[in-house]
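File shown: target.txt (compact mmCIF, C-alpha atoms).
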```txt
# COMPACT_ATOMS: atom_id res chain seq x y z
CA ASP A 1 0.00 0.00 0.00
CA VAL A 2 1.11 3.51 -0.78
CA LYS A 3 1.79 5.41 2.35
CA VAL A 4 2.03 9.17 2.70
CA THR A 5 2.82 10.33 6.21
CA GLN A 6 2.87 13.79 7.70
CA SER A 7 4.93 14.75 10.72
CA SER A 8 2.09 15.98 12.93
CA ARG A 9 -1.71 15.62 13.02
CA TYR A 10 -2.17 18.73 15.16
CA LEU A 11 0.15 21.69 15.63
CA VAL A 12 -0.22 24.93 17.57
CA LYS A 13 2.22 27.75 16.89
CA ARG A 14 2.52 31.43 17.74
CA THR A 15 2.48 34.31 15.29
CA GLY A 16 5.94 34.93 13.88
CA GLU A 17 7.29 31.44 14.51
CA LYS A 18 8.97 29.46 11.76
CA VAL A 19 6.98 26.30 11.08
CA PHE A 20 8.08 23.14 9.30
CA LEU A 21 5.57 20.61 7.99
CA GLU A 22 7.12 17.38 6.78
CA CYS A 23 5.73 14.86 4.33
CA VAL A 24 7.21 11.47 3.44
CA GLN A 25 6.02 8.98 0.80
CA ASP A 26 7.25 5.43 0.38
CA MET A 27 6.30 4.68 -3.24
CA ASP A 28 9.11 6.41 -5.13
CA HIS A 29 6.65 8.95 -6.57
CA GLU A 30 8.08 11.76 -8.66
CA ASN A 31 5.34 14.29 -7.89
CA MET A 32 4.58 15.72 -4.49
CA PHE A 33 2.07 18.41 -3.53
CA TRP A 34 1.15 20.63 -0.63
CA TYR A 35 -2.45 21.82 -0.29
CA ARG A 36 -4.39 23.76 2.28
CA GLN A 37 -8.05 23.15 2.91
CA ASP A 38 -10.40 25.76 4.34
CA PRO A 39 -14.17 25.66 4.84
CA GLY A 40 -15.99 26.97 1.79
CA LEU A 41 -12.80 27.19 -0.27
CA GLY A 42 -11.96 23.56 -0.84
CA LEU A 43 -8.45 22.32 -1.54
CA ARG A 44 -5.98 24.86 -2.86
CA LEU A 45 -2.51 24.07 -4.17
CA ILE A 46 0.36 25.84 -2.41
CA TYR A 47 3.41 24.29 -4.08
CA PHE A 48 4.29 21.15 -5.94
CA SER A 49 7.45 19.36 -6.95
CA TYR A 50 7.98 17.02 -9.88
CA ASP A 51 11.52 15.98 -9.03
CA VAL A 52 14.20 16.33 -6.39
CA LYS A 53 15.21 19.98 -5.91
CA MET A 54 12.48 21.05 -8.37
CA LYS A 55 9.52 23.10 -7.22
CA GLU A 56 6.76 25.15 -8.76
CA LYS A 57 4.33 27.60 -7.25
CA GLY A 58 0.73 26.63 -7.01
CA ASP A 59 -2.23 28.94 -6.65
CA ILE A 60 -1.45 30.39 -3.21
CA PRO A 61 2.32 30.31 -2.57
CA GLU A 62 2.55 33.62 -0.69
CA GLY A 63 3.93 33.18 2.81
CA TYR A 64 5.19 29.66 2.12
CA SER A 65 8.32 27.99 0.82
CA VAL A 66 9.19 24.35 0.17
CA SER A 67 12.17 22.05 0.12
CA ARG A 68 12.71 18.74 -1.65
CA GLU A 69 16.22 17.47 -1.00
CA LYS A 70 15.29 13.79 -1.26
CA LYS A 71 12.74 12.14 -3.52
CA GLU A 72 10.64 10.77 -0.66
CA ARG A 73 10.44 13.95 1.42
CA PHE A 74 8.70 17.27 0.71
CA SER A 75 8.74 19.98 3.36
CA LEU A 76 6.48 23.00 3.65
CA ILE A 77 7.91 25.98 5.50
CA LEU A 78 6.04 28.92 6.96
CA GLU A 79 8.83 31.47 7.42
CA SER A 80 6.82 33.64 9.83
CA ALA A 81 3.50 32.12 10.75
CA SER A 82 0.43 34.34 10.72
CA THR A 83 -3.09 33.76 12.00
CA ASN A 84 -4.47 33.57 8.45
CA GLN A 85 -2.34 30.48 7.92
CA THR A 86 -4.47 28.56 10.41
CA SER A 87 -5.75 25.71 8.26
CA MET A 88 -5.67 22.01 7.43
CA TYR A 89 -2.56 21.18 5.40
CA LEU A 90 -2.56 18.10 3.19
CA CYS A 91 0.35 16.52 1.38
CA ALA A 92 -0.08 14.26 -1.64
CA SER A 93 2.09 12.33 -4.07
CA SER A 94 1.68 10.71 -7.47
CA TYR A 95 3.64 9.02 -10.21
CA GLY A 96 5.06 11.37 -12.81
CA GLY A 97 5.49 10.62 -16.46
CA ALA A 98 3.04 10.86 -19.29
CA GLY A 99 0.00 9.46 -17.50
CA ALA A 100 -2.77 12.02 -17.56
CA GLY A 101 -4.09 12.87 -14.16
CA ASN A 102 -2.32 10.15 -12.25
CA GLU A 103 -4.01 9.24 -8.98
CA GLN A 104 -2.85 11.33 -6.05
CA PHE A 105 -2.32 9.67 -2.68
CA PHE A 106 -2.96 11.90 0.30
CA GLY A 107 -1.49 12.05 3.75
CA PRO A 108 -3.71 12.28 6.87
CA GLY A 109 -3.37 16.06 7.11
CA THR A 110 -1.94 18.46 9.69
CA ARG A 111 -4.32 20.82 11.40
CA LEU A 112 -2.27 23.94 12.14
CA THR A 113 -3.46 26.63 14.50
CA VAL A 114 -1.54 29.90 14.66
CA LEU A 115 -2.29 31.97 17.77
CA LYS B 1 -17.33 31.38 -11.06
CA ASN B 2 -15.34 28.33 -9.97
CA GLU B 3 -13.98 26.09 -12.71
CA VAL B 4 -15.45 23.08 -10.89
CA GLU B 5 -18.91 23.26 -9.36
CA GLN B 6 -20.49 20.53 -7.26
CA SER B 7 -24.09 20.09 -6.26
CA PRO B 8 -25.56 19.78 -3.80
CA GLN B 9 -23.21 21.26 -1.20
CA ASN B 10 -24.91 19.28 1.56
CA LEU B 11 -27.03 16.17 1.30
CA THR B 12 -28.80 14.25 4.05
CA ALA B 13 -30.53 10.96 3.29
CA GLN B 14 -31.84 7.83 4.96
CA GLU B 15 -29.99 4.54 4.90
CA GLY B 16 -30.77 2.61 1.73
CA GLU B 17 -31.48 5.60 -0.47
CA PHE B 18 -29.90 6.07 -3.90
CA ILE B 19 -27.53 9.04 -3.83
CA THR B 20 -26.39 11.26 -6.70
CA ILE B 21 -23.72 13.95 -6.47
CA ASN B 22 -23.06 16.14 -9.49
CA CYS B 23 -19.95 17.86 -10.80
CA SER B 24 -19.82 20.39 -13.63
CA TYR B 25 -16.66 21.93 -15.00
CA SER B 26 -15.91 24.68 -17.48
CA VAL B 27 -12.57 23.70 -19.06
CA GLY B 28 -11.34 20.93 -21.32
CA ILE B 29 -9.93 18.16 -19.21
CA SER B 30 -7.61 15.16 -19.42
CA ALA B 31 -9.14 13.38 -16.45
CA LEU B 32 -11.64 13.75 -13.62
CA HIS B 33 -11.23 12.37 -10.11
CA TRP B 34 -13.73 11.59 -7.40
CA LEU B 35 -12.28 11.68 -3.89
CA GLN B 36 -13.71 10.82 -0.47
CA GLN B 37 -12.80 12.56 2.77
CA HIS B 38 -13.93 11.17 6.11
CA PRO B 39 -14.05 13.24 9.31
CA GLY B 40 -10.50 13.59 10.56
CA GLY B 41 -9.11 14.63 7.21
CA GLY B 42 -7.83 11.61 5.28
CA ILE B 43 -8.62 11.71 1.56
CA VAL B 44 -8.82 8.64 -0.64
CA SER B 45 -9.24 8.42 -4.37
CA LEU B 46 -12.42 6.65 -5.48
CA PHE B 47 -12.29 6.97 -9.26
CA MET B 48 -10.32 8.48 -12.09
CA LEU B 49 -12.31 8.94 -15.31
CA SER B 50 -11.62 10.23 -18.77
CA SER B 51 -14.72 8.80 -20.45
CA GLY B 52 -17.74 6.59 -19.87
CA LYS B 53 -18.50 4.92 -16.58
CA LYS B 54 -16.74 3.09 -13.76
CA LYS B 55 -18.16 0.95 -10.97
CA HIS B 56 -16.66 -0.17 -7.70
CA GLY B 57 -18.95 -1.97 -5.32
CA ARG B 58 -21.92 0.30 -4.59
CA LEU B 59 -20.27 3.32 -6.16
CA ILE B 60 -20.71 4.31 -9.80
CA ALA B 61 -19.10 7.27 -11.55
CA THR B 62 -20.08 8.58 -14.95
CA ILE B 63 -18.72 11.33 -17.13
CA ASN B 64 -20.10 13.14 -20.19
CA ILE B 65 -17.18 14.93 -21.82
CA GLN B 66 -19.35 16.88 -24.29
CA GLU B 67 -21.56 18.26 -21.53
CA LYS B 68 -18.61 18.73 -19.13
CA HIS B 69 -20.46 16.89 -16.41
CA SER B 70 -19.85 13.95 -14.08
CA SER B 71 -21.99 12.19 -11.50
CA LEU B 72 -21.17 9.99 -8.54
CA HIS B 73 -23.89 7.56 -7.52
CA ILE B 74 -24.12 5.49 -4.36
CA THR B 75 -26.59 2.62 -4.32
CA ALA B 76 -28.05 1.24 -1.08
CA SER B 77 -26.43 4.00 0.95
CA HIS B 78 -25.12 3.23 4.44
CA PRO B 79 -24.14 5.46 7.38
CA ARG B 80 -20.48 4.60 6.73
CA ASP B 81 -20.81 6.40 3.39
CA SER B 82 -21.12 9.66 5.34
CA ALA B 83 -18.20 11.79 4.18
CA VAL B 84 -17.27 14.72 2.01
CA TYR B 85 -17.08 13.82 -1.68
CA ILE B 86 -14.78 15.94 -3.81
CA CYS B 87 -14.64 16.26 -7.58
CA ALA B 88 -11.32 17.30 -9.14
CA VAL B 89 -10.30 17.82 -12.76
CA LEU B 90 -6.98 17.93 -14.56
CA PRO B 91 -7.24 20.71 -17.20
CA ARG B 92 -6.09 19.49 -20.60
CA ASP B 93 -3.30 22.02 -21.06
CA GLN B 94 -1.70 21.40 -17.68
CA GLY B 95 1.78 20.01 -18.10
CA ALA B 96 2.01 18.85 -14.52
CA GLN B 97 -0.55 17.08 -12.40
CA LYS B 98 -2.25 20.23 -11.14
CA LEU B 99 -5.76 19.27 -10.19
CA VAL B 100 -8.55 21.82 -9.82
CA PHE B 101 -10.93 20.91 -7.01
CA GLY B 102 -14.61 21.45 -6.39
CA GLN B 103 -15.70 22.62 -2.96
CA GLY B 104 -17.01 19.21 -1.97
CA THR B 105 -20.40 17.72 -1.11
CA ARG B 106 -21.03 16.80 2.51
CA LEU B 107 -23.10 13.61 2.62
CA THR B 108 -24.81 12.40 5.78
CA ILE B 109 -26.61 9.05 5.79
CA ASN B 110 -28.89 8.53 8.78
CA PRO B 111 -29.68 5.03 10.05
```
Would you put the structure from the file into C-alpha cells?
Amino acid sequence: DVKVTQSSRYLVKRTGEKVFLECVQDMDHENMFWYRQDPGLGLRLIYFSYDVKMKEKGDIPEGYSVSREKKERFSLILESASTNQTSMYLCASSYGGAGAGNEQFFGPGTRLTVL
Amino acid sequence: KNEVEQSPQNLTAQEGEFITINCSYSVGISALHWLQQHPGGGIVSLFMLSSGKKKHGRLIATINIQEKHSSLHITASHPRDSAVYICAVLPRDQGAQKLVFGQGTRLTINP
C-alpha cells in the first residue's frame, strides 16, 4: 500500500514562529504536492514538486516555501507564521510521467493553529 | 465562477437511499477524479475517469465529456458512506498534475 505520512496531526504555533511541515512517501513517486483546505474554499494548491530539488508555485504560494532534498520527502515551510495560515494542510504524491491525471495519494493532514 | 462546481453542497438521506452527487466543470480536461474525505481529514481516491462509466462496489461514476459533467452515484447508501465527496479535474493544457478541485459535497446518511 502507498503510504504518505505527515509529521504531525495537530500543531499549535505562535504568530511569527517558523513552522516546518514534513511529508514522506514510500512509493518512489516523482510528484509531491502541498495543499491547504479551508471551509468553503476547498483544496488549494500551495506548491508542488515534480523531481528532487524542483519546485513550482501553485495557486497560493505567498507566505510559504518548500524544500525537496530527497525524492521521498517534501517539506512546507512557513517562514513567519500568521493567524491567516491557520488551516488544514494536506500533502499528496503521485507518479510522474506521461500518464494524464495520475491518482494522487494523500497524507492524513496536519491541522495547524496559529495563535 | 469556480472552474469546478459541485451540487448539492450538503445532502442528508436515509440509509438505503440512492444518492447522486453532481460535478460540472468549465474547461477541457484530461481526467476527472472523485475523492472521499472522512471526518478527521484523510482523503482517498475513489475513481479516475476520462470517459464513460466506472463501478466499484456500490459506487458508480459517470462522465459526459461533451456536456462537461460527471456524477457519482451510491446505491443502497449506508451510514459509513457519510463523508465529504470531492470532484477534481486535470485541465487538458496542464503540463504537470495540477488538479482543480470542487468545494465538496457533505453527505450524511442517517440510520
Kindly provide, as a list in words, the residues of chain A having any atom no farther than 6 Å from an atom of chain B, counting all atoms listed in the file.
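Only these qualify: Gly42, Gly101, Phe106, Pro108 and Gly109 of chain A.
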Atom CA of Tyr35 of chain A sits from atom CA of Ile60 of chain A at a separation of 9.1 Å
Considering only C-alpha atoms, return as a list in words whatever protein or nucleic-acid residues lie within 6 Å of segment 1-6 of chain B, sequence-local ones (same chain, fewer than 4 positions apart) excluded.
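Returned residues: Asn22, Cys23, Ser24, Tyr25, Ser26 and Gly102 of chain B.
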In terms of the shortest atom-to-atom distance over only C-alpha atoms, which of A:Thr110, A:Ser80, A:Ser75, A:Gln104 is closest to Asn31 of chain A?
A:Gln104
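If all atoms listed in the file are the atoms counted, then among B:Pro8, B:Gln36, B:Ser82, B:Gly28 the closest residue to Phe105 of chain A is B:Gln36.
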Just to confirm, what's the straight-line distance from atom CA of Tyr50 of chain A to atom CA of His29 of chain A in Å (one decimal)?
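Atom CA of His29 of chain A lies 8.8 Å from atom CA of Tyr50 of chain A.
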Measuring between only C-alpha atoms, which one of B:Cys87, B:Val27, B:Gln14, B:His56 shows the shortest distance to Lys68 of chain B?
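Ranked by minimum distance to Lys68 of chain B, first place goes to B:Val27.
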Please complete segment 18-29 of chain B with all heavy atoms and give it back as a PDB file, in the coordinates of the input.
```
ATOM      1  N   PHE B  18     -30.825   5.900  -2.767  1.00  0.00           N
ATOM      2  CA  PHE B  18     -29.900   6.070  -3.900  1.00  0.00           C
ATOM      3  C   PHE B  18     -29.434   7.524  -3.915  1.00  0.00           C
ATOM      4  O   PHE B  18     -30.240   8.444  -3.869  1.00  0.00           O
ATOM      5  CB  PHE B  18     -30.647   5.727  -5.194  1.00  0.00           C
ATOM      6  CG  PHE B  18     -29.806   5.827  -6.438  1.00  0.00           C
ATOM      7  CD1 PHE B  18     -28.954   4.799  -6.803  1.00  0.00           C
ATOM      8  CD2 PHE B  18     -29.869   6.956  -7.255  1.00  0.00           C
ATOM      9  CE1 PHE B  18     -28.193   4.877  -7.963  1.00  0.00           C
ATOM     10  CE2 PHE B  18     -29.102   7.042  -8.413  1.00  0.00           C
ATOM     11  CZ  PHE B  18     -28.269   6.008  -8.765  1.00  0.00           C
ATOM     12  N   ILE B  19     -28.117   7.705  -3.955  1.00  0.00           N
ATOM     13  CA  ILE B  19     -27.530   9.040  -3.830  1.00  0.00           C
ATOM     14  C   ILE B  19     -26.891   9.450  -5.158  1.00  0.00           C
ATOM     15  O   ILE B  19     -26.219   8.631  -5.816  1.00  0.00           O
ATOM     16  CB  ILE B  19     -26.432   9.029  -2.740  1.00  0.00           C
ATOM     17  CG1 ILE B  19     -27.000   8.578  -1.389  1.00  0.00           C
ATOM     18  CG2 ILE B  19     -25.750  10.397  -2.638  1.00  0.00           C
ATOM     19  CD1 ILE B  19     -28.092   9.457  -0.847  1.00  0.00           C
ATOM     20  N   THR B  20     -27.076  10.704  -5.529  1.00  0.00           N
ATOM     21  CA  THR B  20     -26.390  11.260  -6.700  1.00  0.00           C
ATOM     22  C   THR B  20     -25.737  12.579  -6.328  1.00  0.00           C
ATOM     23  O   THR B  20     -26.398  13.463  -5.769  1.00  0.00           O
ATOM     24  CB  THR B  20     -27.366  11.490  -7.864  1.00  0.00           C
ATOM     25  OG1 THR B  20     -27.892  10.224  -8.300  1.00  0.00           O
ATOM     26  CG2 THR B  20     -26.647  12.158  -9.042  1.00  0.00           C
ATOM     27  N   ILE B  21     -24.469  12.704  -6.638  1.00  0.00           N
ATOM     28  CA  ILE B  21     -23.720  13.950  -6.470  1.00  0.00           C
ATOM     29  C   ILE B  21     -23.219  14.369  -7.850  1.00  0.00           C
ATOM     30  O   ILE B  21     -22.713  13.541  -8.608  1.00  0.00           O
ATOM     31  CB  ILE B  21     -22.533  13.754  -5.507  1.00  0.00           C
ATOM     32  CG1 ILE B  21     -23.045  13.323  -4.128  1.00  0.00           C
ATOM     33  CG2 ILE B  21     -21.707  15.024  -5.407  1.00  0.00           C
ATOM     34  CD1 ILE B  21     -21.957  12.873  -3.175  1.00  0.00           C
ATOM     35  N   ASN B  22     -23.383  15.642  -8.161  1.00  0.00           N
ATOM     36  CA  ASN B  22     -23.060  16.140  -9.490  1.00  0.00           C
ATOM     37  C   ASN B  22     -21.840  17.039  -9.500  1.00  0.00           C
ATOM     38  O   ASN B  22     -21.563  17.734  -8.522  1.00  0.00           O
ATOM     39  CB  ASN B  22     -24.256  16.902 -10.061  1.00  0.00           C
ATOM     40  CG  ASN B  22     -25.450  16.005 -10.254  1.00  0.00           C
ATOM     41  OD1 ASN B  22     -25.398  15.036 -11.003  1.00  0.00           O
ATOM     42  ND2 ASN B  22     -26.540  16.307  -9.564  1.00  0.00           N
ATOM     43  N   CYS B  23     -21.143  17.030 -10.619  1.00  0.00           N
ATOM     44  CA  CYS B  23     -19.950  17.860 -10.800  1.00  0.00           C
ATOM     45  C   CYS B  23     -19.965  18.417 -12.220  1.00  0.00           C
ATOM     46  O   CYS B  23     -20.045  17.649 -13.188  1.00  0.00           O
ATOM     47  CB  CYS B  23     -18.696  17.017 -10.572  1.00  0.00           C
ATOM     48  SG  CYS B  23     -17.135  17.867 -10.882  1.00  0.00           S
ATOM     49  N   SER B  24     -19.906  19.738 -12.323  1.00  0.00           N
ATOM     50  CA  SER B  24     -19.820  20.390 -13.630  1.00  0.00           C
ATOM     51  C   SER B  24     -18.530  21.193 -13.692  1.00  0.00           C
ATOM     52  O   SER B  24     -18.119  21.786 -12.689  1.00  0.00           O
ATOM     53  CB  SER B  24     -21.016  21.322 -13.855  1.00  0.00           C
ATOM     54  OG  SER B  24     -22.203  20.593 -13.891  1.00  0.00           O
ATOM     55  N   TYR B  25     -17.922  21.222 -14.859  1.00  0.00           N
ATOM     56  CA  TYR B  25     -16.660  21.930 -15.000  1.00  0.00           C
ATOM     57  C   TYR B  25     -16.681  22.729 -16.288  1.00  0.00           C
ATOM     58  O   TYR B  25     -17.464  22.462 -17.197  1.00  0.00           O
ATOM     59  CB  TYR B  25     -15.476  20.965 -14.936  1.00  0.00           C
ATOM     60  CG  TYR B  25     -15.578  19.803 -15.887  1.00  0.00           C
ATOM     61  CD1 TYR B  25     -15.038  19.876 -17.160  1.00  0.00           C
ATOM     62  CD2 TYR B  25     -16.224  18.628 -15.510  1.00  0.00           C
ATOM     63  CE1 TYR B  25     -15.136  18.813 -18.037  1.00  0.00           C
ATOM     64  CE2 TYR B  25     -16.337  17.563 -16.384  1.00  0.00           C
ATOM     65  CZ  TYR B  25     -15.806  17.660 -17.634  1.00  0.00           C
ATOM     66  OH  TYR B  25     -15.910  16.605 -18.511  1.00  0.00           O
ATOM     67  N   SER B  26     -15.805  23.720 -16.379  1.00  0.00           N
ATOM     68  CA  SER B  26     -15.910  24.680 -17.480  1.00  0.00           C
ATOM     69  C   SER B  26     -14.738  24.632 -18.457  1.00  0.00           C
ATOM     70  O   SER B  26     -14.716  25.383 -19.427  1.00  0.00           O
ATOM     71  CB  SER B  26     -16.041  26.108 -16.931  1.00  0.00           C
ATOM     72  OG  SER B  26     -14.955  26.398 -16.083  1.00  0.00           O
ATOM     73  N   VAL B  27     -13.762  23.747 -18.204  1.00  0.00           N
ATOM     74  CA  VAL B  27     -12.570  23.700 -19.060  1.00  0.00           C
ATOM     75  C   VAL B  27     -12.437  22.326 -19.681  1.00  0.00           C
ATOM     76  O   VAL B  27     -13.016  21.353 -19.182  1.00  0.00           O
ATOM     77  CB  VAL B  27     -11.298  24.035 -18.244  1.00  0.00           C
ATOM     78  CG1 VAL B  27     -11.371  25.457 -17.718  1.00  0.00           C
ATOM     79  CG2 VAL B  27     -11.085  23.056 -17.103  1.00  0.00           C
ATOM     80  N   GLY B  28     -11.661  22.239 -20.763  1.00  0.00           N
ATOM     81  CA  GLY B  28     -11.340  20.930 -21.320  1.00  0.00           C
ATOM     82  C   GLY B  28     -10.442  20.179 -20.371  1.00  0.00           C
ATOM     83  O   GLY B  28      -9.542  20.773 -19.777  1.00  0.00           O
ATOM     84  N   ILE B  29     -10.681  18.889 -20.216  1.00  0.00           N
ATOM     85  CA  ILE B  29      -9.930  18.160 -19.210  1.00  0.00           C
ATOM     86  C   ILE B  29      -9.277  16.904 -19.799  1.00  0.00           C
ATOM     87  O   ILE B  29      -9.706  16.376 -20.823  1.00  0.00           O
ATOM     88  CB  ILE B  29     -10.820  17.748 -18.010  1.00  0.00           C
ATOM     89  CG1 ILE B  29     -11.878  16.723 -18.431  1.00  0.00           C
ATOM     90  CG2 ILE B  29     -11.437  18.981 -17.364  1.00  0.00           C
ATOM     91  CD1 ILE B  29     -12.606  16.090 -17.255  1.00  0.00           C
TER      92      ILE B  29
END
```
